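Visitor: query.txt is the file, holding compact mmCIF, C-alpha atoms:
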```
# COMPACT_ATOMS: atom_id res chain seq x y z
CA MET A 973 -14.80 -36.06 -3.54
CA ILE A 974 -12.32 -36.44 -6.39
CA GLU A 975 -13.34 -37.33 -9.92
CA LEU A 976 -11.73 -37.50 -13.35
CA THR A 977 -14.38 -37.78 -16.04
CA ARG A 978 -14.76 -37.88 -19.81
CA GLY A 979 -18.35 -36.64 -19.55
CA ILE A 980 -19.79 -33.11 -19.36
CA ILE A 981 -19.28 -31.53 -15.91
CA ASP A 982 -22.37 -30.06 -14.22
CA PRO A 983 -20.97 -27.35 -11.89
CA GLY A 984 -24.25 -27.13 -9.98
CA GLN A 985 -23.89 -30.77 -8.95
CA VAL A 986 -20.30 -30.23 -7.83
CA LEU A 987 -21.47 -27.33 -5.65
CA HIS A 988 -24.40 -29.37 -4.36
CA PHE A 989 -21.98 -32.03 -3.14
CA VAL A 990 -20.37 -29.65 -0.60
CA GLN A 991 -23.47 -27.80 0.59
CA SER A 992 -24.49 -28.48 4.16
CA PRO A 993 -26.44 -26.81 6.98
CA ASP A 994 -23.10 -26.69 8.83
CA ALA A 995 -21.44 -24.55 6.15
CA GLY A 996 -22.52 -20.94 5.82
CA ALA A 997 -20.24 -20.31 2.83
CA SER A 998 -19.55 -22.26 -0.35
CA VAL A 999 -17.18 -21.22 -3.13
CA LEU A 1000 -17.23 -22.87 -6.55
CA PHE A 1001 -14.49 -22.33 -9.11
CA VAL A 1002 -15.22 -23.27 -12.71
CA GLY A 1003 -12.57 -23.34 -15.44
CA THR A 1004 -13.93 -23.08 -18.96
CA THR A 1005 -12.21 -23.46 -22.33
CA ARG A 1006 -11.68 -19.89 -23.47
CA ARG A 1007 -12.11 -18.91 -27.09
CA MET A 1008 -9.38 -16.24 -27.46
CA THR A 1009 -5.79 -16.23 -26.14
CA ASN A 1010 -4.14 -13.01 -27.19
CA ALA A 1011 -5.28 -12.82 -30.82
CA ARG A 1012 -5.48 -16.59 -31.46
CA GLU A 1013 -8.71 -18.55 -31.50
CA THR A 1014 -8.96 -21.92 -29.77
CA VAL A 1015 -11.33 -24.52 -31.22
CA ARG A 1016 -10.94 -27.18 -28.53
CA LEU A 1017 -8.65 -28.54 -25.86
CA GLU A 1018 -7.74 -32.13 -25.27
CA TYR A 1019 -6.79 -33.18 -21.75
CA ASP A 1020 -4.56 -36.17 -21.08
CA ALA A 1021 -3.67 -37.42 -17.61
CA TYR A 1022 -1.54 -39.88 -15.72
CA GLY A 1023 -4.80 -40.93 -14.13
CA GLU A 1024 -3.60 -43.02 -11.16
CA MET A 1025 -1.15 -40.37 -10.00
CA ALA A 1026 -3.57 -37.51 -10.73
CA ARG A 1027 -6.11 -39.11 -8.35
CA VAL A 1028 -3.42 -39.61 -5.67
CA LYS A 1029 -2.29 -35.98 -5.99
CA LEU A 1030 -5.82 -34.61 -5.90
CA GLN A 1031 -6.56 -36.61 -2.75
CA GLU A 1032 -3.36 -35.23 -1.18
CA LEU A 1033 -4.43 -31.69 -2.08
CA GLU A 1034 -7.86 -32.23 -0.54
CA ALA A 1035 -6.24 -33.56 2.64
CA THR A 1036 -3.80 -30.63 2.79
CA ALA A 1037 -6.59 -28.10 2.27
CA ARG A 1038 -8.62 -29.71 5.06
CA GLN A 1039 -5.64 -29.38 7.40
CA ARG A 1040 -4.97 -25.74 6.50
CA TRP A 1041 -8.56 -24.50 6.57
CA GLN A 1042 -11.73 -25.43 8.44
CA LEU A 1043 -13.66 -26.98 5.56
CA THR A 1044 -16.98 -28.79 5.63
CA GLY A 1045 -16.83 -30.22 2.12
CA VAL A 1046 -14.41 -30.44 -0.82
CA ALA A 1047 -15.25 -31.62 -4.36
CA ILE A 1048 -12.88 -31.58 -7.34
CA VAL A 1049 -13.93 -32.77 -10.80
CA HIS A 1050 -11.56 -32.56 -13.78
CA ARG A 1051 -12.55 -33.39 -17.34
CA LEU A 1052 -10.34 -35.52 -19.61
CA GLY A 1053 -10.42 -35.95 -23.37
CA GLU A 1054 -11.84 -33.40 -25.79
CA VAL A 1055 -13.32 -30.21 -24.33
CA MET A 1056 -14.92 -27.73 -26.73
CA VAL A 1057 -14.80 -23.94 -26.33
CA GLY A 1058 -17.19 -22.81 -23.59
CA GLU A 1059 -17.29 -26.22 -21.89
CA VAL A 1060 -16.15 -26.78 -18.30
CA SER A 1061 -12.73 -28.40 -17.85
CA VAL A 1062 -12.55 -28.25 -14.06
CA ALA A 1063 -14.92 -27.53 -11.17
CA ILE A 1064 -13.77 -27.14 -7.56
CA ALA A 1065 -16.22 -26.60 -4.71
CA VAL A 1066 -15.37 -25.99 -1.06
CA SER A 1067 -17.63 -25.17 1.83
CA SER A 1068 -16.85 -23.82 5.27
CA PRO A 1069 -18.51 -22.12 8.21
CA HIS A 1070 -16.34 -19.08 7.24
CA ARG A 1071 -16.29 -17.45 3.83
CA ALA A 1072 -12.63 -16.34 3.95
CA ALA A 1073 -11.58 -19.97 4.41
CA ALA A 1074 -13.75 -21.06 1.48
CA PHE A 1075 -12.27 -18.41 -0.84
CA GLU A 1076 -8.67 -19.10 0.22
CA ALA A 1077 -8.98 -22.87 -0.03
CA GLY A 1078 -10.70 -22.68 -3.43
CA GLN A 1079 -8.01 -20.43 -4.87
CA TRP A 1080 -5.19 -22.49 -3.35
CA LEU A 1081 -6.66 -25.70 -4.80
CA ILE A 1082 -6.91 -24.45 -8.38
CA ASP A 1083 -3.48 -22.76 -8.20
CA THR A 1084 -1.87 -25.93 -6.85
CA ILE A 1085 -3.70 -28.30 -9.19
CA LYS A 1086 -2.23 -26.34 -12.10
CA GLN A 1087 1.25 -26.83 -10.65
CA VAL A 1088 1.41 -30.45 -9.48
CA VAL A 1089 -1.38 -32.69 -10.80
CA PRO A 1090 -0.21 -34.71 -13.85
CA ILE A 1091 -2.79 -33.52 -16.37
CA TRP A 1092 -1.86 -31.85 -19.66
CA LYS A 1093 -3.79 -29.93 -22.24
CA LYS A 1094 -3.24 -29.86 -25.96
CA GLU A 1095 -4.61 -26.82 -27.69
CA THR A 1096 -6.12 -26.94 -31.19
CA TRP A 1097 -6.20 -23.54 -32.86
CA SER A 1098 -8.63 -22.31 -35.50
CA ASP A 1099 -5.90 -22.63 -38.18
CA GLY A 1100 -5.83 -26.39 -37.54
CA SER A 1101 -2.47 -26.44 -35.76
CA CYS A 1102 -2.18 -27.97 -32.32
CA GLU A 1103 0.34 -28.06 -29.50
CA TRP A 1104 0.80 -29.31 -25.95
CA VAL A 1105 0.76 -26.64 -23.28
CA HIS A 1106 3.80 -27.06 -21.02
CA PRO A 1107 4.26 -24.01 -18.77
CA GLY A 1108 7.83 -22.84 -18.30
CA VAL A 1109 9.08 -24.60 -21.43
CA ASN A 1110 10.27 -22.30 -24.17
CA ARG A 1111 8.88 -23.76 -27.38
CA ALA A 1112 11.96 -22.59 -29.28
CA ASP A 1113 13.94 -25.13 -27.22
CA ALA A 1114 11.56 -28.03 -27.36
CA MET B 4 -27.52 -8.87 -13.24
CA ILE B 5 -28.97 -7.86 -9.90
CA GLU B 6 -31.98 -9.54 -8.33
CA LEU B 7 -33.80 -9.51 -5.02
CA THR B 8 -36.16 -12.46 -4.80
CA ARG B 9 -38.57 -14.13 -2.37
CA GLY B 10 -38.20 -17.46 -4.21
CA ILE B 11 -35.64 -20.25 -3.86
CA ILE B 12 -32.25 -19.34 -5.42
CA ASP B 13 -30.76 -21.84 -7.87
CA PRO B 14 -26.99 -21.22 -7.65
CA GLY B 15 -26.36 -23.16 -10.89
CA GLN B 16 -28.50 -20.64 -12.78
CA VAL B 17 -26.67 -17.70 -11.23
CA LEU B 18 -23.36 -19.24 -12.36
CA HIS B 19 -24.78 -20.00 -15.80
CA PHE B 20 -25.63 -16.33 -16.26
CA VAL B 21 -21.94 -15.30 -16.18
CA GLN B 22 -20.44 -18.16 -18.16
CA SER B 23 -19.06 -17.26 -21.55
CA PRO B 24 -16.49 -18.54 -24.05
CA ASP B 25 -14.60 -15.30 -23.35
CA ALA B 26 -14.18 -16.12 -19.65
CA GLY B 27 -11.83 -18.91 -18.67
CA ALA B 28 -12.63 -18.58 -14.97
CA SER B 29 -15.88 -18.27 -13.04
CA VAL B 30 -16.23 -18.01 -9.27
CA LEU B 31 -19.55 -18.53 -7.50
CA PHE B 32 -20.07 -17.64 -3.85
CA VAL B 33 -23.10 -19.11 -2.10
CA GLY B 34 -24.23 -18.05 1.37
CA THR B 35 -26.40 -20.58 3.17
CA THR B 36 -28.31 -20.33 6.44
CA ARG B 37 -26.13 -22.14 8.92
CA ARG B 38 -27.62 -24.36 11.61
CA MET B 39 -25.20 -23.72 14.50
CA THR B 40 -23.66 -20.44 15.72
CA ASN B 41 -21.43 -21.18 18.68
CA ALA B 42 -23.68 -23.54 20.62
CA ARG B 43 -27.02 -22.04 19.52
CA GLU B 44 -29.25 -23.57 16.88
CA THR B 45 -30.87 -21.40 14.22
CA VAL B 46 -34.24 -22.49 12.85
CA ARG B 47 -34.65 -19.83 10.16
CA LEU B 48 -33.62 -16.36 9.11
CA GLU B 49 -35.86 -13.63 7.85
CA TYR B 50 -34.39 -11.01 5.52
CA ASP B 51 -35.85 -7.54 5.22
CA ALA B 52 -34.57 -4.90 2.81
CA TYR B 53 -34.91 -1.29 1.80
CA GLY B 54 -35.45 -2.70 -1.68
CA GLU B 55 -35.06 0.38 -3.87
CA MET B 56 -31.81 1.41 -2.21
CA ALA B 57 -30.53 -2.17 -2.05
CA ARG B 58 -30.89 -2.44 -5.85
CA VAL B 59 -29.12 0.91 -6.35
CA LYS B 60 -26.26 -0.14 -4.05
CA LEU B 61 -25.88 -3.55 -5.69
CA GLN B 62 -25.72 -1.92 -9.12
CA GLU B 63 -23.05 0.47 -7.82
CA LEU B 64 -21.06 -2.47 -6.45
CA GLU B 65 -21.28 -4.29 -9.78
CA ALA B 66 -20.08 -1.14 -11.59
CA THR B 67 -17.21 -0.66 -9.14
CA ALA B 68 -16.12 -4.30 -9.44
CA ARG B 69 -16.15 -4.00 -13.24
CA GLN B 70 -13.88 -0.97 -12.99
CA ARG B 71 -11.45 -2.61 -10.58
CA TRP B 72 -11.20 -6.01 -12.29
CA GLN B 73 -11.49 -7.27 -15.85
CA LEU B 74 -14.80 -9.07 -15.55
CA THR B 75 -16.87 -10.74 -18.26
CA GLY B 76 -20.04 -11.24 -16.22
CA VAL B 77 -21.45 -10.35 -12.79
CA ALA B 78 -24.64 -11.76 -11.23
CA ILE B 79 -25.88 -11.10 -7.69
CA VAL B 80 -29.08 -12.61 -6.32
CA HIS B 81 -30.18 -12.01 -2.71
CA ARG B 82 -33.12 -13.73 -1.10
CA LEU B 83 -35.68 -11.81 1.00
CA GLY B 84 -38.28 -13.09 3.45
CA GLU B 85 -38.03 -16.37 5.30
CA VAL B 86 -34.98 -18.57 4.62
CA MET B 87 -34.83 -21.97 6.31
CA VAL B 88 -31.62 -23.64 7.56
CA GLY B 89 -29.62 -25.02 4.61
CA GLU B 90 -31.27 -22.72 2.06
CA VAL B 91 -29.33 -20.20 -0.03
CA SER B 92 -29.61 -16.57 1.08
CA VAL B 93 -27.21 -15.04 -1.47
CA ALA B 94 -25.43 -16.16 -4.65
CA ILE B 95 -22.74 -14.09 -6.36
CA ALA B 96 -21.15 -15.17 -9.63
CA VAL B 97 -18.33 -13.42 -11.48
CA SER B 98 -16.44 -14.50 -14.58
CA SER B 99 -13.19 -13.25 -16.03
CA PRO B 100 -10.46 -14.28 -18.44
CA HIS B 101 -8.22 -14.49 -15.32
CA ARG B 102 -8.97 -16.56 -12.24
CA ALA B 103 -7.26 -14.24 -9.73
CA ALA B 104 -9.59 -11.41 -10.83
CA ALA B 105 -12.64 -13.68 -10.45
CA PHE B 106 -11.66 -14.74 -6.91
CA GLU B 107 -10.79 -11.20 -5.78
CA ALA B 108 -13.94 -9.65 -7.24
CA GLY B 109 -16.17 -12.38 -5.77
CA GLN B 110 -14.73 -11.95 -2.31
CA TRP B 111 -14.83 -8.16 -2.50
CA LEU B 112 -18.49 -8.24 -3.56
CA ILE B 113 -19.70 -10.42 -0.68
CA ASP B 114 -17.56 -8.54 1.87
CA THR B 115 -18.89 -5.19 0.65
CA ILE B 116 -22.50 -6.32 0.33
CA LYS B 117 -22.40 -7.27 3.99
CA GLN B 118 -21.19 -3.76 4.85
CA VAL B 119 -23.26 -1.38 2.72
CA VAL B 120 -26.37 -2.91 1.15
CA PRO B 121 -29.51 -2.16 3.24
CA ILE B 122 -30.63 -5.70 3.95
CA TRP B 123 -31.11 -7.05 7.47
CA LYS B 124 -31.55 -10.49 8.89
CA LYS B 125 -33.60 -11.53 11.88
CA GLU B 126 -32.54 -14.77 13.45
CA THR B 127 -35.02 -17.20 14.99
CA TRP B 128 -33.40 -19.63 17.43
CA SER B 129 -34.53 -23.12 18.32
CA ASP B 130 -35.79 -21.87 21.72
CA GLY B 131 -38.31 -19.68 19.85
CA SER B 132 -36.60 -16.36 20.59
CA CYS B 133 -35.67 -14.07 17.72
CA GLU B 134 -33.54 -10.98 17.19
CA TRP B 135 -32.32 -8.65 14.48
CA VAL B 136 -28.65 -9.00 13.58
CA HIS B 137 -26.99 -5.58 13.64
CA PRO B 138 -23.19 -5.91 13.47
CA GLY B 139 -21.26 -3.56 15.71
CA VAL B 140 -24.20 -2.88 17.99
CA ASN B 141 -23.85 -4.16 21.52
CA ARG B 142 -27.20 -5.70 22.40
CA ALA B 143 -26.75 -4.62 26.01
CA ASP B 144 -27.06 -1.00 24.77
CA ALA B 145 -29.91 -1.47 22.35
CA MET C 96 17.66 -54.05 -13.90
CA ILE C 97 15.26 -53.15 -16.68
CA LEU C 98 12.74 -50.43 -15.83
CA SER C 99 9.48 -49.71 -17.63
CA ILE C 100 8.85 -46.00 -17.92
CA ARG C 101 5.49 -44.50 -18.80
CA LEU C 102 5.58 -41.38 -20.97
CA PHE C 103 2.89 -38.71 -21.15
CA ALA C 104 1.87 -35.71 -23.24
CA ALA C 105 4.69 -34.20 -25.33
CA ALA C 106 7.17 -36.81 -24.02
CA HIS C 107 4.89 -39.56 -25.27
CA GLU C 108 4.54 -37.78 -28.60
CA ALA C 109 8.28 -37.13 -28.98
CA VAL C 110 9.14 -40.81 -28.46
CA GLY C 111 6.10 -42.30 -30.18
CA GLU C 112 5.49 -44.84 -27.39
CA ASP C 113 3.57 -44.62 -24.13
CA VAL C 114 5.87 -47.10 -22.35
CA VAL C 115 9.58 -47.66 -22.94
CA SER C 116 12.05 -50.10 -21.36
CA LEU C 117 15.42 -48.91 -20.17
CA PRO C 118 18.37 -50.97 -18.84
CA LEU C 119 19.85 -49.35 -15.72
CA GLU C 120 22.37 -50.45 -13.10
CA ASP C 121 20.89 -51.62 -9.81
CA GLY C 122 20.53 -48.66 -7.46
CA ALA C 123 20.58 -46.12 -10.31
CA THR C 124 19.30 -42.67 -9.35
CA VAL C 125 16.63 -40.52 -10.97
CA ALA C 126 19.41 -38.31 -12.39
CA GLN C 127 20.95 -41.36 -14.07
CA LEU C 128 17.55 -42.40 -15.41
CA ARG C 129 17.03 -38.92 -16.91
CA HIS C 130 20.44 -39.07 -18.60
CA ALA C 131 19.89 -42.62 -19.96
CA LEU C 132 16.44 -41.73 -21.27
CA VAL C 133 17.72 -38.83 -23.31
CA GLU C 134 20.63 -40.90 -24.59
CA GLN C 135 18.36 -43.69 -25.80
CA PHE C 136 15.64 -41.35 -27.12
CA PRO C 137 17.35 -38.28 -28.59
CA SER C 138 13.96 -36.77 -29.47
CA LEU C 139 13.64 -36.06 -25.72
CA ALA C 140 16.88 -34.05 -25.63
CA ALA C 141 15.20 -30.66 -25.98
CA TRP C 142 12.98 -31.53 -22.98
CA GLU C 143 15.71 -32.93 -20.75
CA HIS C 144 15.79 -30.30 -18.02
CA HIS C 145 12.03 -29.88 -18.03
CA LEU C 146 11.11 -33.55 -17.69
CA LEU C 147 9.50 -34.55 -14.41
CA ILE C 148 10.09 -38.06 -13.08
CA ALA C 149 7.52 -39.64 -10.77
CA VAL C 150 8.27 -42.82 -8.82
CA ASN C 151 5.32 -44.75 -7.40
CA GLN C 152 3.11 -41.74 -8.19
CA GLN C 153 5.21 -39.28 -6.20
CA TYR C 154 7.69 -36.61 -7.23
CA VAL C 155 11.17 -37.54 -5.98
CA LEU C 156 14.62 -36.00 -5.69
CA GLU C 157 17.29 -36.45 -8.38
CA THR C 158 19.27 -38.53 -5.86
CA HIS C 159 16.40 -40.97 -5.24
CA GLU C 160 17.49 -44.57 -5.95
CA LEU C 161 15.27 -46.67 -8.16
CA ALA C 162 14.17 -50.25 -7.46
CA PRO C 163 13.17 -52.86 -10.05
CA ASP C 164 9.50 -52.87 -9.01
CA ASP C 165 9.06 -49.10 -9.04
CA GLU C 166 6.27 -47.57 -11.12
CA VAL C 167 8.19 -44.88 -13.03
CA ALA C 168 6.74 -42.13 -15.19
CA CYS C 169 8.26 -39.28 -17.14
CA PHE C 170 6.42 -36.19 -18.39
CA PRO C 171 6.80 -32.48 -19.15
CA PRO C 172 5.41 -29.69 -16.90
CA VAL C 173 1.72 -30.15 -16.16
CA SER C 174 -1.02 -27.91 -17.53
CA GLY C 175 -4.34 -29.07 -16.12
CA GLY C 176 -7.10 -26.85 -14.83
CA MET D 1114 -40.72 21.45 6.41
CA ILE D 1115 -42.20 18.07 7.32
CA LEU D 1116 -40.14 15.06 6.28
CA SER D 1117 -41.36 11.50 5.90
CA ILE D 1118 -38.78 9.02 7.17
CA ARG D 1119 -38.85 5.32 6.36
CA LEU D 1120 -37.70 3.01 9.15
CA PHE D 1121 -36.31 -0.49 8.71
CA ALA D 1122 -35.45 -3.58 10.74
CA ALA D 1123 -34.90 -2.93 14.47
CA ALA D 1124 -35.62 0.81 14.00
CA HIS D 1125 -39.00 -0.05 12.49
CA GLU D 1126 -39.66 -2.49 15.31
CA ALA D 1127 -38.59 -0.04 18.05
CA VAL D 1128 -40.95 2.67 16.78
CA GLY D 1129 -43.75 0.38 15.62
CA GLU D 1130 -44.21 2.25 12.33
CA ASP D 1131 -42.51 1.89 8.96
CA VAL D 1132 -42.90 5.60 8.10
CA VAL D 1133 -42.89 8.53 10.50
CA SER D 1134 -43.29 12.28 9.91
CA LEU D 1135 -40.98 14.75 11.54
CA PRO D 1136 -41.14 18.56 11.53
CA LEU D 1137 -37.72 20.10 10.83
CA GLU D 1138 -36.48 23.59 10.06
CA ASP D 1139 -35.75 24.28 6.39
CA GLY D 1140 -32.14 23.39 5.66
CA ALA D 1141 -31.86 21.07 8.66
CA THR D 1142 -28.90 18.72 8.53
CA VAL D 1143 -28.74 14.95 8.93
CA ALA D 1144 -27.28 15.46 12.42
CA GLN D 1145 -30.32 17.55 13.37
CA LEU D 1146 -32.64 14.93 11.91
CA ARG D 1147 -30.95 12.22 13.97
CA HIS D 1148 -31.35 14.30 17.12
CA ALA D 1149 -35.01 15.13 16.41
CA LEU D 1150 -35.84 11.48 15.63
CA VAL D 1151 -34.54 10.27 18.95
CA GLU D 1152 -36.29 13.10 20.79
CA GLN D 1153 -39.64 12.26 19.22
CA PHE D 1154 -39.20 8.49 19.45
CA PRO D 1155 -37.32 7.73 22.70
CA SER D 1156 -37.41 4.00 21.88
CA LEU D 1157 -34.69 4.81 19.32
CA ALA D 1158 -32.40 6.35 21.93
CA ALA D 1159 -30.33 3.22 22.48
CA TRP D 1160 -29.68 3.06 18.70
CA GLU D 1161 -28.87 6.74 18.24
CA HIS D 1162 -25.18 6.52 17.36
CA HIS D 1163 -25.67 3.38 15.29
CA LEU D 1164 -28.50 4.62 13.09
CA LEU D 1165 -27.66 5.13 9.44
CA ILE D 1166 -29.46 7.83 7.50
CA ALA D 1167 -29.88 7.51 3.73
CA VAL D 1168 -31.03 10.41 1.58
CA ASN D 1169 -32.30 9.63 -1.90
CA GLN D 1170 -30.90 6.10 -1.50
CA GLN D 1171 -27.37 7.25 -0.73
CA TYR D 1172 -25.38 7.44 2.49
CA VAL D 1173 -24.63 11.08 3.30
CA LEU D 1174 -22.53 13.11 5.73
CA GLU D 1175 -23.91 14.40 9.04
CA THR D 1176 -23.60 17.94 7.62
CA HIS D 1177 -25.74 17.15 4.56
CA GLU D 1178 -28.72 19.55 4.33
CA LEU D 1179 -32.12 18.04 3.78
CA ALA D 1180 -34.71 19.25 1.26
CA PRO D 1181 -38.51 18.79 1.50
CA ASP D 1182 -38.67 16.34 -1.44
CA ASP D 1183 -35.86 14.09 -0.20
CA GLU D 1184 -36.49 10.38 0.22
CA VAL D 1185 -35.15 9.80 3.73
CA ALA D 1186 -34.61 6.46 5.45
CA CYS D 1187 -33.23 5.48 8.82
CA PHE D 1188 -31.95 2.04 9.81
CA PRO D 1189 -29.44 0.17 12.00
CA PRO D 1190 -26.23 -1.44 10.67
CA VAL D 1191 -26.93 -3.81 7.76
CA SER D 1192 -26.60 -7.58 7.98
CA GLY D 1193 -27.36 -9.04 4.55
CA GLY D 1194 -25.45 -11.80 2.83
```
Output the file's structure as structure tokens, nothing else.
Guide:
Amino acid sequence: MIELTRGIIDPGQVLHFVQSPDAGASVLFVGTTRRMTNARETVRLEYDAYGEMARVKLQELEATARQRWQLTGVAIVHRLGEVMVGEVSVAIAVSSPHRAAAFEAGQWLIDTIKQVVPIWKKETWSDGSCEWVHPGVNRADA
Amino acid sequence: MIELTRGIIDPGQVLHFVQSPDAGASVLFVGTTRRMTNARETVRLEYDAYGEMARVKLQELEATARQRWQLTGVAIVHRLGEVMVGEVSVAIAVSSPHRAAAFEAGQWLIDTIKQVVPIWKKETWSDGSCEWVHPGVNRADA
Amino acid sequence: MILSIRLFAAAHEAVGEDVVSLPLEDGATVAQLRHALVEQFPSLAAWEHHLLIAVNQQYVLETHELAPDDEVACFPPVSGG
Amino acid sequence: MILSIRLFAAAHEAVGEDVVSLPLEDGATVAQLRHALVEQFPSLAAWEHHLLIAVNQQYVLETHELAPDDEVACFPPVSGG
């Protein structure tokens, strides 16, 4: 199950989606907007996406994970738009008969989502300034 | 937060306990009673514990995890008594500013709980037979 | 051919438009598209080597040849999660 | 000294009691306790080398010496989770 949403994410529901009597182990990853980065305070994030491609990429990642690991269920929900500090930006749930598979697949999914799915966050700091987060780009250059 | 309970475990509440604006990443592990093991069908499990020592050991594990990884929150809830197929037997939530720490600590906690915390499960099969699960013990000997 | 190119995040902000049109020779490659984009929109120059180009919602090689009906998008490194 | 020993899971079931009393010499070790337990309760014999002994809610070495006030427990390998 793949979803991009502008509404509040309920992580318990994302977990519930993958739970099954056939899966002894479920792992849920939840990414939350963090208040402090080094000594700077974040007020909110804003997520933008190339929605059509993001859905295609997330479906590919689910399919790849299901080929690499024996998974019973996979659910990925990513929030778009404004996300306040402490709110959930992404929830990923996987279930499996085997807990090692569930942990590995969950970690691989979040690591890979951060690398290839066309979603971007713009950070608004407590001093009112804001900037896009583009990993690997030196802001002095751009 | 450490809890042994005879009531239904709500994994969303266990996760909620560790969520914080200081933690960007939360990982929740949920163990569920699985229906099939090889070709045999489980009807229910029954968990017994040496409760006082189990609490002491779980607190030690939380303390050790907090020393090994930078964790914001830790919550471990284990069910005792009868657990039907599909119900949650254990929920472990950890949060951290860093997702790798949350995944590693979560996996270490469930792996180590299964090795050292004095809790035992007795499996009841669909044919009515039941037996204690004691890893490493050859039932032919015992 | 004239291609429509969707821009996202800082690329969108740098250009001030979410879709731009770009004249390209038939059979132009992704590398040629990247070059032409930066020439027409100098505000993208600082991003040039970081820009990702997606064709029909897939990442492609710099040597990939573009067709008039392709859905083309251009954006900086992703930061979801 | 006489020690009370709590039994759990299959050890409890094999003996049919959740607490048993065992006479031991003062300063007896965990290894001696293990031996005496199996001697007094032959139904534990098959478990002997698998039984875990906890003293005051901690796992201890076979050479650990027991004291009269110790909280002692005996159980097979754990299987929680």
Visitor: Here is a test: counting only C-alpha atoms, which residue of B:Gln118, B:Ser132, B:Met87, B:Arg102 is nearest to chain C?
Guide: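 Among the listed residues, B:Arg102 lies closest to chain C.
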Visitor: Out of C:Thr158, C:Leu119, C:Pro163, C:Trp142, which residue has the shortest atom-to-atom distance to chain A when counting only C-alpha atoms?
Guide: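 For chain A, the nearest of the candidates is C:Trp142.
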Visitor: Can you pull out every residue within 12 Å of His107 (chain C), counting only C-alpha atoms, but drop anything in the same chain fewer than 2 positions away, and send it as a PDB file with C-alpha atoms, in the frame of the given file?
Guide:
```
ATOM      1  CA  ASP A1020      -4.560 -36.170 -21.080  1.00  0.00           C
ATOM      2  CA  ALA A1021      -3.670 -37.420 -17.610  1.00  0.00           C
ATOM      3  CA  TYR A1022      -1.540 -39.880 -15.720  1.00  0.00           C
ATOM      4  CA  TRP A1092      -1.860 -31.850 -19.660  1.00  0.00           C
ATOM      5  CA  TRP A1104       0.800 -29.310 -25.950  1.00  0.00           C
TER       6      TRP A1104
ATOM      7  CA  ILE C 100       8.850 -46.000 -17.920  1.00  0.00           C
ATOM      8  CA  ARG C 101       5.490 -44.500 -18.800  1.00  0.00           C
ATOM      9  CA  LEU C 102       5.580 -41.380 -20.970  1.00  0.00           C
ATOM     10  CA  PHE C 103       2.890 -38.710 -21.150  1.00  0.00           C
ATOM     11  CA  ALA C 104       1.870 -35.710 -23.240  1.00  0.00           C
ATOM     12  CA  ALA C 105       4.690 -34.200 -25.330  1.00  0.00           C
ATOM     13  CA  ALA C 109       8.280 -37.130 -28.980  1.00  0.00           C
ATOM     14  CA  VAL C 110       9.140 -40.810 -28.460  1.00  0.00           C
ATOM     15  CA  GLY C 111       6.100 -42.300 -30.180  1.00  0.00           C
ATOM     16  CA  GLU C 112       5.490 -44.840 -27.390  1.00  0.00           C
ATOM     17  CA  ASP C 113       3.570 -44.620 -24.130  1.00  0.00           C
ATOM     18  CA  VAL C 114       5.870 -47.100 -22.350  1.00  0.00           C
ATOM     19  CA  VAL C 115       9.580 -47.660 -22.940  1.00  0.00           C
ATOM     20  CA  PHE C 136      15.640 -41.350 -27.120  1.00  0.00           C
ATOM     21  CA  SER C 138      13.960 -36.770 -29.470  1.00  0.00           C
ATOM     22  CA  LEU C 139      13.640 -36.060 -25.720  1.00  0.00           C
ATOM     23  CA  TRP C 142      12.980 -31.530 -22.980  1.00  0.00           C
ATOM     24  CA  LEU C 146      11.110 -33.550 -17.690  1.00  0.00           C
ATOM     25  CA  ALA C 168       6.740 -42.130 -15.190  1.00  0.00           C
ATOM     26  CA  CYS C 169       8.260 -39.280 -17.140  1.00  0.00           C
ATOM     27  CA  PHE C 170       6.420 -36.190 -18.390  1.00  0.00           C
ATOM     28  CA  PRO C 171       6.800 -32.480 -19.150  1.00  0.00           C
TER      29      PRO C 171
END
```
Visitor: Given the point (14.2, -44.5, -12.0) in the file's coordinates, find the residues that have an atom at most 7 Å from it, counting only C-alpha atoms, and give them as a PyMOL selection string.
Guide: chain C and resi 123-125+128+150+160-161+167
Visitor: Please find the residues of chain B near chain A - the criterion being any atom within 6 Å, counting all atoms listed in the file - and write them as an MDAnalysis selection string.
Guide: chainID B and resid 15 24:38 89
Visitor: Have a look at A:Leu1017, A:Val1109, A:Val1046, A:Ile980 and name the one nearest to His145 (chain C); count only C-alpha atoms.
Guide: A:Val1109
Visitor: What does the structure give for the distance between CA of Ala104 (chain B) and CA of Gln73 (chain B), in Å to one decimal?
Guide: 6.8 Å
Visitor: For chain A, work out the contacting residues on chain C at 6 Å, counting all atoms listed in the file, and write them as a PyMOL selection string.
Guide: chain C and resi 141-142+152+172-176
Visitor: Could you jot down the CA of Ile1166 (chain D) to CA of Ile79 (chain B) separation for me, Å, one decimal place?
Guide: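 CA of Ile1166 (chain D) sits 24.5 Å away from CA of Ile79 (chain B).
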Visitor: Go through D:Asp1182, D:Glu1175, D:Ala1167, D:Glu1126 and flag the residue nearest His1148 (chain D), using all atoms listed in the file for the distances.
Guide: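 Between D:Asp1182, D:Glu1175, D:Ala1167, D:Glu1126, the residue approaching His1148 (chain D) most closely is D:Glu1175.
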Visitor: When you look at Ala162 (chain C) with a cut-off of 9 Å (counting only C-alpha atoms), what residues show up, excluding the ones that are within fewer than 4 positions of it in the same chain? I need them as number ranges by chain.
Guide: C: 96, 98, 121-123
Visitor: So how many Å separate CA of Trp128 (chain B) and CA of Glu49 (chain B), to one decimal?
Guide: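 Computed distance, CA of Trp128 (chain B) to CA of Glu49 (chain B), equals 11.6 Å.
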